$ cat query.cif   # mmCIF, C-alpha atoms
data_upload
#
loop_
_atom_site.label_atom_id
_atom_site.label_comp_id
_atom_site.auth_asym_id
_atom_site.auth_seq_id
_atom_site.Cartn_x
_atom_site.Cartn_y
_atom_site.Cartn_z
CA MET W 1 -57.70 -122.81 158.99
CA ASP W 2 -56.19 -120.61 161.68
CA ILE W 3 -55.40 -116.90 161.49
CA ALA W 4 -51.76 -117.44 160.55
CA TRP W 5 -52.71 -119.58 157.54
CA LEU W 6 -55.42 -117.09 156.57
CA CYS W 7 -52.81 -114.33 156.65
CA LEU W 8 -50.44 -116.38 154.47
CA THR W 9 -53.29 -117.09 152.06
CA ALA W 10 -54.10 -113.37 151.97
CA VAL W 11 -50.48 -112.51 151.22
CA GLY W 12 -50.38 -115.09 148.44
CA LEU W 13 -53.62 -113.80 146.91
CA SER W 14 -52.54 -110.18 147.11
CA MET W 15 -49.32 -110.62 145.14
CA ASP W 16 -51.05 -110.02 141.78
CA ALA W 17 -52.54 -106.80 143.16
CA PHE W 18 -49.14 -105.86 144.60
CA ALA W 19 -47.50 -106.36 141.19
CA VAL W 20 -50.11 -104.21 139.44
CA ALA W 21 -49.81 -101.58 142.18
CA VAL W 22 -46.05 -101.51 141.55
CA ALA W 23 -46.76 -100.77 137.88
CA LYS W 24 -49.19 -98.03 138.90
CA GLY W 25 -46.59 -96.51 141.24
CA LEU W 26 -44.07 -96.55 138.43
CA SER W 27 -46.23 -94.14 136.44
CA MET W 28 -46.17 -91.52 139.22
CA ARG W 29 -43.54 -88.84 138.82
CA SER W 30 -44.30 -87.62 142.33
CA MET W 31 -45.85 -89.74 145.06
CA ARG W 32 -49.60 -89.08 145.15
CA TRP W 33 -50.91 -90.51 148.38
CA GLY W 34 -54.56 -89.94 147.47
CA GLN W 35 -54.18 -92.00 144.30
CA ALA W 36 -52.20 -94.65 146.16
CA VAL W 37 -55.01 -95.05 148.72
CA VAL W 38 -57.65 -95.26 145.96
CA ILE W 39 -55.64 -97.93 144.12
CA ALA W 40 -55.13 -99.93 147.32
CA ALA W 41 -58.82 -99.59 148.25
CA PHE W 42 -59.96 -100.92 144.87
CA PHE W 43 -57.71 -103.95 145.17
CA GLY W 44 -58.57 -104.55 148.83
CA VAL W 45 -62.33 -104.33 148.31
CA PHE W 46 -62.38 -106.64 145.30
CA GLN W 47 -60.05 -109.14 146.99
CA GLY W 48 -62.43 -109.13 149.98
CA ILE W 49 -65.62 -109.54 147.94
CA MET W 50 -64.47 -112.33 145.61
CA PRO W 51 -63.87 -114.99 148.32
CA ILE W 52 -67.37 -114.31 149.63
CA ILE W 53 -68.83 -114.95 146.18
CA GLY W 54 -66.72 -118.12 145.87
CA TRP W 55 -67.76 -119.22 149.37
CA VAL W 56 -71.46 -118.82 148.49
CA LEU W 57 -70.95 -120.87 145.32
CA GLY W 58 -68.91 -123.49 147.17
CA SER W 59 -71.40 -123.74 150.03
CA SER W 60 -74.18 -124.61 147.62
CA PHE W 61 -72.47 -127.82 146.49
CA SER W 62 -70.05 -128.63 149.34
CA GLN W 63 -72.08 -131.59 150.65
CA LEU W 64 -72.01 -133.24 147.24
CA ILE W 65 -68.22 -133.31 147.11
CA GLU W 66 -67.42 -133.72 150.82
CA PRO W 67 -65.82 -137.16 150.31
CA ILE W 68 -63.20 -135.66 147.98
CA ASP W 69 -63.13 -132.08 149.29
CA HIS W 70 -59.45 -132.21 150.28
CA TRP W 71 -58.52 -133.11 146.70
CA VAL W 72 -60.71 -130.29 145.34
CA ILE W 73 -59.13 -127.80 147.75
CA PHE W 74 -55.65 -129.03 146.82
CA ALA W 75 -56.41 -128.83 143.09
CA ILE W 76 -57.88 -125.32 143.27
CA LEU W 77 -55.14 -123.79 145.41
CA ALA W 78 -52.32 -125.61 143.59
CA ALA W 79 -53.70 -124.64 140.17
CA VAL W 80 -54.13 -120.99 141.14
CA GLY W 81 -50.62 -120.90 142.66
CA ALA W 82 -49.04 -122.65 139.67
CA LYS W 83 -50.78 -120.25 137.27
CA MET W 84 -49.48 -117.27 139.26
CA ILE W 85 -45.94 -118.67 139.09
CA TRP W 86 -46.23 -119.46 135.36
CA ASP W 87 -47.66 -116.04 134.50
CA SER W 88 -44.98 -114.28 136.53
CA ILE W 89 -42.14 -116.19 134.90
CA ARG W 90 -43.25 -115.99 131.27
CA GLU W 91 -44.72 -112.47 131.06
CA GLU W 92 -42.60 -109.40 130.67
CA PRO W 93 -43.22 -106.65 133.25
CA GLU W 94 -45.66 -104.03 132.08
CA ASP W 95 -44.01 -101.00 130.60
CA ALA W 96 -45.13 -97.82 132.26
CA CYS W 97 -44.08 -94.31 131.47
CA PRO W 98 -42.34 -92.90 134.55
CA LEU W 99 -41.91 -89.50 132.96
CA ALA W 100 -45.48 -88.29 133.21
CA ASP W 101 -48.09 -88.65 135.94
CA GLN W 102 -51.19 -90.46 134.79
CA ARG W 103 -54.69 -89.77 136.04
CA LEU W 104 -56.55 -92.69 137.55
CA ASP W 105 -59.01 -94.29 135.19
CA VAL W 106 -61.71 -95.79 137.42
CA ARG W 107 -62.88 -98.26 134.77
CA GLU W 108 -59.35 -99.50 134.18
CA LEU W 109 -58.76 -99.74 137.92
CA ALA W 110 -61.98 -101.74 138.40
CA LEU W 111 -61.00 -104.13 135.60
CA LEU W 112 -57.54 -104.58 137.09
CA ALA W 113 -59.06 -105.19 140.53
CA VAL W 114 -61.42 -107.84 139.12
CA ALA W 115 -58.63 -109.47 137.11
CA THR W 116 -56.29 -109.68 140.09
CA SER W 117 -59.02 -111.04 142.39
CA ILE W 118 -60.29 -113.94 140.28
CA ASP W 119 -57.90 -116.18 142.22
CA ALA W 120 -59.66 -115.11 145.42
CA LEU W 121 -62.97 -116.32 143.97
CA ALA W 122 -61.53 -119.80 143.51
CA VAL W 123 -60.02 -119.75 146.99
CA GLY W 124 -63.44 -118.74 148.36
CA VAL W 125 -64.85 -122.00 146.97
CA SER W 126 -62.16 -123.91 148.87
CA PHE W 127 -62.98 -121.91 152.04
CA ALA W 128 -66.55 -123.24 151.85
CA LEU W 129 -65.22 -126.77 151.67
CA MET W 130 -62.92 -126.16 154.66
CA GLN W 131 -65.74 -124.46 156.62
CA VAL W 132 -63.71 -121.28 157.11
CA ASN W 133 -65.42 -118.28 158.71
CA ILE W 134 -65.83 -116.26 155.52
CA GLY W 135 -66.33 -112.91 157.28
CA VAL W 136 -63.01 -113.17 159.07
CA ALA W 137 -61.25 -114.54 155.99
CA ALA W 138 -62.60 -111.83 153.67
CA GLY W 139 -61.68 -109.11 156.16
CA ILE W 140 -58.13 -110.40 156.52
CA ILE W 141 -57.72 -110.77 152.75
CA ALA W 142 -59.11 -107.28 152.09
CA GLY W 143 -56.96 -105.66 154.79
CA ILE W 144 -53.72 -107.35 153.80
CA THR W 145 -54.36 -106.68 150.12
CA PHE W 146 -55.01 -103.01 150.87
CA LEU W 147 -51.76 -102.69 152.84
CA LEU W 148 -49.64 -104.58 150.32
CA SER W 149 -51.16 -102.69 147.38
CA LEU W 150 -50.40 -99.39 149.10
CA ALA W 151 -46.85 -100.61 149.66
CA GLY W 152 -46.74 -101.72 146.00
CA VAL W 153 -47.53 -98.23 144.78
CA VAL W 154 -44.75 -96.83 146.98
CA VAL W 155 -42.29 -99.53 145.90
CA GLY W 156 -43.19 -98.96 142.25
CA HIS W 157 -42.66 -95.24 142.64
CA LEU W 158 -39.30 -95.75 144.33
CA PHE W 159 -37.83 -98.78 142.56
CA GLY W 160 -39.69 -99.46 139.34
CA VAL W 161 -40.71 -102.93 138.20
CA ARG W 162 -37.76 -104.88 139.63
CA PHE W 163 -39.95 -106.70 142.17
CA GLN W 164 -43.06 -107.30 140.04
CA ARG W 165 -42.05 -110.76 138.79
CA ALA W 166 -40.72 -111.90 142.19
CA ALA W 167 -43.97 -110.87 143.89
CA GLY W 168 -46.03 -113.00 141.52
CA VAL W 169 -43.76 -116.02 141.96
CA ALA W 170 -43.77 -115.65 145.76
CA GLY W 171 -47.57 -115.41 145.85
CA GLY W 172 -47.91 -118.54 143.74
CA ILE W 173 -45.46 -120.49 145.90
CA VAL W 174 -47.40 -119.54 149.05
CA LEU W 175 -50.67 -120.84 147.56
CA VAL W 176 -49.07 -124.11 146.39
CA LEU W 177 -47.58 -124.64 149.88
CA ILE W 178 -50.97 -124.04 151.50
CA ALA W 179 -52.55 -126.51 149.05
CA CYS W 180 -49.96 -129.13 150.06
CA LYS W 181 -50.57 -128.43 153.75
CA VAL W 182 -54.33 -129.01 153.35
CA LEU W 183 -53.78 -132.27 151.49
CA PHE W 184 -51.06 -133.54 153.83
CA GLU W 185 -53.19 -132.78 156.91
CA HIS W 186 -56.15 -134.66 155.44
CA LEU W 187 -53.96 -137.63 154.52
CA GLU W 188 -52.52 -137.39 158.05
CA ILE W 189 -49.00 -136.97 156.73
CA LEU W 190 -48.72 -133.63 158.51
CA ALA W 191 -50.37 -132.82 161.83
CA LEU W 192 -50.37 -129.07 162.53
#
$ encode --input "query.cif" --output "structure tokens"
Amino acid sequence: MDIAWLCLTAVGLSMDAFAVAVAKGLSMRSMRWGQAVVIAAFFGVFQGIMPIIGWVLGSSFSQLIEPIDHWVIFAILAAVGAKMIWDSIREEPEDACPLADQRLDVRELALLAVATSIDALAVGVSFALMQVNIGVAAGIIAGITFLLSLAGVVVGHLFGVRFQRAAGVAGGIVLVLIACKVLFEHLEILAL
């Protein structure tokens, strides 16, 4: 997987964090850059750690499933992407109170960061099967998630929750497309 595909994967994975960051930005009456950086850092760090954990788990059994690894990769990425799309379409945007600034609750932020990075754990398993350099992948995912989460807080502060649903759908579509690319390349339908 080359850098461009890693970046697209990172963007797809970070859409949940972006959507939550939008909701967090919505609750800020005035833009608080310190809080925005903390929110983005939580999401970036967790999104960077989870693929490493998934990669370690995937590496331990990758030789057992090597004959069908392309199908496993396809299934994981397509399922994660489809779930993101489904959740984004059926759930109502979180209501946040834009009238009063809220203090950051570190426990809540950690739970949100874990919840939005579970997809990255599953993708980490597929990285082990594709023999991706996990250090580079985790760094790209963490960096892009940090930047998009920071942007999400700003967007949420400026525009509210209008883009929350679209971000989740876009992230899911990206992961499904990457899943199809992996499968098509293995089946030699697509040669990139």
$ residues_around --input "query.cif" --residues "W:Trp71" --least-positions-apart "2" --cutoff "12 Å" --atoms "all atoms listed in the file" --output "short mmCIF file (atom, residue, chain, number, x, y, z; two decimals) with C-alpha atoms, keeping the file's coordinate frame"
data_model
loop_
_atom_site.label_atom_id
_atom_site.label_comp_id
_atom_site.auth_asym_id
_atom_site.auth_seq_id
_atom_site.Cartn_x
_atom_site.Cartn_y
_atom_site.Cartn_z
CA ILE W 65 -68.22 -133.31 147.11
CA GLU W 66 -67.42 -133.72 150.82
CA PRO W 67 -65.82 -137.16 150.31
CA ILE W 68 -63.20 -135.66 147.98
CA ASP W 69 -63.13 -132.08 149.29
CA ILE W 73 -59.13 -127.80 147.75
CA PHE W 74 -55.65 -129.03 146.82
CA ALA W 75 -56.41 -128.83 143.09
CA ILE W 76 -57.88 -125.32 143.27
CA LEU W 77 -55.14 -123.79 145.41
CA ALA W 78 -52.32 -125.61 143.59
CA ALA W 79 -53.70 -124.64 140.17
CA SER W 126 -62.16 -123.91 148.87
CA LEU W 129 -65.22 -126.77 151.67
CA MET W 130 -62.92 -126.16 154.66
CA ALA W 179 -52.55 -126.51 149.05
CA CYS W 180 -49.96 -129.13 150.06
CA LYS W 181 -50.57 -128.43 153.75
CA VAL W 182 -54.33 -129.01 153.35
CA LEU W 183 -53.78 -132.27 151.49
CA PHE W 184 -51.06 -133.54 153.83
CA GLU W 185 -53.19 -132.78 156.91
CA HIS W 186 -56.15 -134.66 155.44
CA LEU W 187 -53.96 -137.63 154.52
#
$ atom_distance --input "query.cif" --atom1 "atom CA of W:Gly135" --atom2 "atom CA of W:Ala82"
26.5 Å
$ resolve_selection --input "query.cif" --expression "the PyMOL selection byres ((chain W and resi 53) around 10)" --output "number ranges by chain"
W: 48-52, 54-59, 120-122, 124-125, 134
$ atom_distance --input "query.cif" --atom1 "atom CA of W:Phe146" --atom2 "atom CA of W:Ala40"
4.7 Å
$ atom_distance --input "query.cif" --atom1 "atom CA of W:Leu111" --atom2 "atom CA of W:Ser60"
27.2 Å
$ residues_around --input "query.cif" --residues "W:Leu8" --least-positions-apart "6" --cutoff "9 Å" --atoms "only C-alpha atoms" --output "list in words"
Val174, Leu175 and Ile178 of chain W
$ closest_residue --input "query.cif" --among "W:Ala170, W:Met28, W:Ala17, W:Leu148" --to "W:Ile118" --atoms "only C-alpha atoms"
W:Ala17
$ residues_around --input "query.cif" --residues "stretch 154-156 of chain W" --least-positions-apart "6" --cutoff "8 Å" --atoms "all atoms listed in the file" --output "PDB file with C-alpha atoms, in the frame of the given file"
ATOM      1  CA  ALA W  21     -49.810-101.580 142.180  1.00  0.00           C
ATOM      2  CA  VAL W  22     -46.050-101.510 141.550  1.00  0.00           C
ATOM      3  CA  ALA W  23     -46.760-100.770 137.880  1.00  0.00           C
ATOM      4  CA  LYS W  24     -49.190 -98.030 138.900  1.00  0.00           C
ATOM      5  CA  GLY W  25     -46.590 -96.510 141.240  1.00  0.00           C
ATOM      6  CA  LEU W  26     -44.070 -96.550 138.430  1.00  0.00           C
ATOM      7  CA  MET W  31     -45.850 -89.740 145.060  1.00  0.00           C
ATOM      8  CA  ALA W  36     -52.200 -94.650 146.160  1.00  0.00           C
TER       9      ALA W  36
END
$ resolve_selection --input "query.cif" --expression "the PyMOL selection byres ((chain W and resi 109) around 12)" --output "number ranges by chain"
W: 17, 20-21, 24, 35-36, 38-46, 103-108, 110-116
$ closest_residue --input "query.cif" --among "W:Ile85, W:Ala128, W:Val153, W:Cys7" --to "W:Phe61" --atoms "only C-alpha atoms"
W:Ala128
$ decode --input "query.cif" --residues "stretch 10-39 of chain W" --atoms "N, CA and C atoms" --output "mmCIF file, in the first residue's frame"
data_model
loop_
_atom_site.group_PDB
_atom_site.id
_atom_site.type_symbol
_atom_site.label_atom_id
_atom_site.label_comp_id
_atom_site.auth_asym_id
_atom_site.auth_seq_id
_atom_site.Cartn_x
_atom_site.Cartn_y
_atom_site.Cartn_z
ATOM 1 N N ALA W 10 -6.354 6.851 5.998
ATOM 2 C CA ALA W 10 -6.340 7.704 7.192
ATOM 3 C C ALA W 10 -7.514 8.681 7.177
ATOM 4 N N VAL W 11 -7.796 9.258 6.030
ATOM 5 C CA VAL W 11 -8.932 10.178 5.926
ATOM 6 C C VAL W 11 -10.230 9.429 6.211
ATOM 7 N N GLY W 12 -10.383 8.256 5.637
ATOM 8 C CA GLY W 12 -11.586 7.463 5.877
ATOM 9 C C GLY W 12 -11.754 7.118 7.352
ATOM 10 N N LEU W 13 -10.662 6.693 7.990
ATOM 11 C CA LEU W 13 -10.722 6.331 9.407
ATOM 12 C C LEU W 13 -11.003 7.529 10.302
ATOM 13 N N SER W 14 -10.550 8.686 9.893
ATOM 14 C CA SER W 14 -10.669 9.858 10.769
ATOM 15 C C SER W 14 -12.031 10.549 10.683
ATOM 16 N N MET W 15 -12.902 10.089 9.805
ATOM 17 C CA MET W 15 -14.190 10.765 9.651
ATOM 18 C C MET W 15 -15.073 10.662 10.896
ATOM 19 N N ASP W 16 -15.012 9.538 11.617
ATOM 20 C CA ASP W 16 -15.771 9.446 12.876
ATOM 21 C C ASP W 16 -15.254 10.481 13.870
ATOM 22 N N ALA W 17 -13.937 10.570 13.983
ATOM 23 C CA ALA W 17 -13.338 11.547 14.902
ATOM 24 C C ALA W 17 -13.687 12.962 14.462
ATOM 25 N N PHE W 18 -13.669 13.208 13.157
ATOM 26 C CA PHE W 18 -14.042 14.518 12.627
ATOM 27 C C PHE W 18 -15.471 14.873 13.032
ATOM 28 N N ALA W 19 -16.389 13.906 12.882
ATOM 29 C CA ALA W 19 -17.793 14.153 13.213
ATOM 30 C C ALA W 19 -17.969 14.465 14.696
ATOM 31 N N VAL W 20 -17.257 13.729 15.549
ATOM 32 C CA VAL W 20 -17.354 14.000 16.987
ATOM 33 C C VAL W 20 -16.718 15.346 17.312
ATOM 34 N N ALA W 21 -15.612 15.660 16.635
ATOM 35 C CA ALA W 21 -14.956 16.960 16.852
ATOM 36 C C ALA W 21 -15.882 18.103 16.444
ATOM 37 N N VAL W 22 -16.665 17.896 15.377
ATOM 38 C CA VAL W 22 -17.654 18.903 14.978
ATOM 39 C C VAL W 22 -18.639 19.141 16.118
ATOM 40 N N ALA W 23 -19.109 18.041 16.716
ATOM 41 C CA ALA W 23 -20.059 18.168 17.835
ATOM 42 C C ALA W 23 -19.409 18.892 19.013
ATOM 43 N N LYS W 24 -18.132 18.606 19.260
ATOM 44 C CA LYS W 24 -17.426 19.294 20.344
ATOM 45 C C LYS W 24 -17.288 20.789 20.036
ATOM 46 N N GLY W 25 -16.981 21.118 18.787
ATOM 47 C CA GLY W 25 -16.867 22.521 18.395
ATOM 48 C C GLY W 25 -18.178 23.260 18.513
ATOM 49 N N LEU W 26 -19.268 22.548 18.289
ATOM 50 C CA LEU W 26 -20.591 23.147 18.394
ATOM 51 C C LEU W 26 -20.860 23.660 19.806
ATOM 52 N N SER W 27 -20.293 23.000 20.803
ATOM 53 C CA SER W 27 -20.565 23.384 22.188
ATOM 54 C C SER W 27 -19.715 24.565 22.655
ATOM 55 N N MET W 28 -18.850 25.088 21.783
ATOM 56 C CA MET W 28 -17.999 26.218 22.167
ATOM 57 C C MET W 28 -18.635 27.528 21.735
ATOM 58 N N ARG W 29 -18.924 28.377 22.712
ATOM 59 C CA ARG W 29 -19.472 29.689 22.371
ATOM 60 C C ARG W 29 -18.383 30.534 21.704
ATOM 61 N N SER W 30 -17.182 30.465 22.247
ATOM 62 C CA SER W 30 -16.044 31.145 21.628
ATOM 63 C C SER W 30 -15.001 30.083 21.314
ATOM 64 N N MET W 31 -14.258 30.290 20.247
ATOM 65 C CA MET W 31 -13.264 29.306 19.827
ATOM 66 C C MET W 31 -12.160 29.230 20.866
ATOM 67 N N ARG W 32 -11.953 28.053 21.425
ATOM 68 C CA ARG W 32 -10.909 27.809 22.421
ATOM 69 C C ARG W 32 -9.866 26.900 21.790
ATOM 70 N N TRP W 33 -8.792 27.506 21.335
ATOM 71 C CA TRP W 33 -7.770 26.772 20.604
ATOM 72 C C TRP W 33 -7.080 25.716 21.456
ATOM 73 N N GLY W 34 -6.889 25.991 22.736
ATOM 74 C CA GLY W 34 -6.276 25.002 23.625
ATOM 75 C C GLY W 34 -7.108 23.738 23.711
ATOM 76 N N GLN W 35 -8.430 23.915 23.874
ATOM 77 C CA GLN W 35 -9.329 22.761 23.925
ATOM 78 C C GLN W 35 -9.369 22.041 22.580
ATOM 79 N N ALA W 36 -9.355 22.812 21.498
ATOM 80 C CA ALA W 36 -9.383 22.202 20.164
ATOM 81 C C ALA W 36 -8.155 21.316 19.947
ATOM 82 N N VAL W 37 -6.996 21.781 20.383
ATOM 83 C CA VAL W 37 -5.756 21.002 20.226
ATOM 84 C C VAL W 37 -5.809 19.745 21.093
ATOM 85 N N VAL W 38 -6.330 19.863 22.307
ATOM 86 C CA VAL W 38 -6.446 18.685 23.187
ATOM 87 C C VAL W 38 -7.388 17.655 22.570
ATOM 88 N N ILE W 39 -8.515 18.087 22.070
ATOM 89 C CA ILE W 39 -9.479 17.180 21.425
ATOM 90 C C ILE W 39 -8.817 16.480 20.239
#
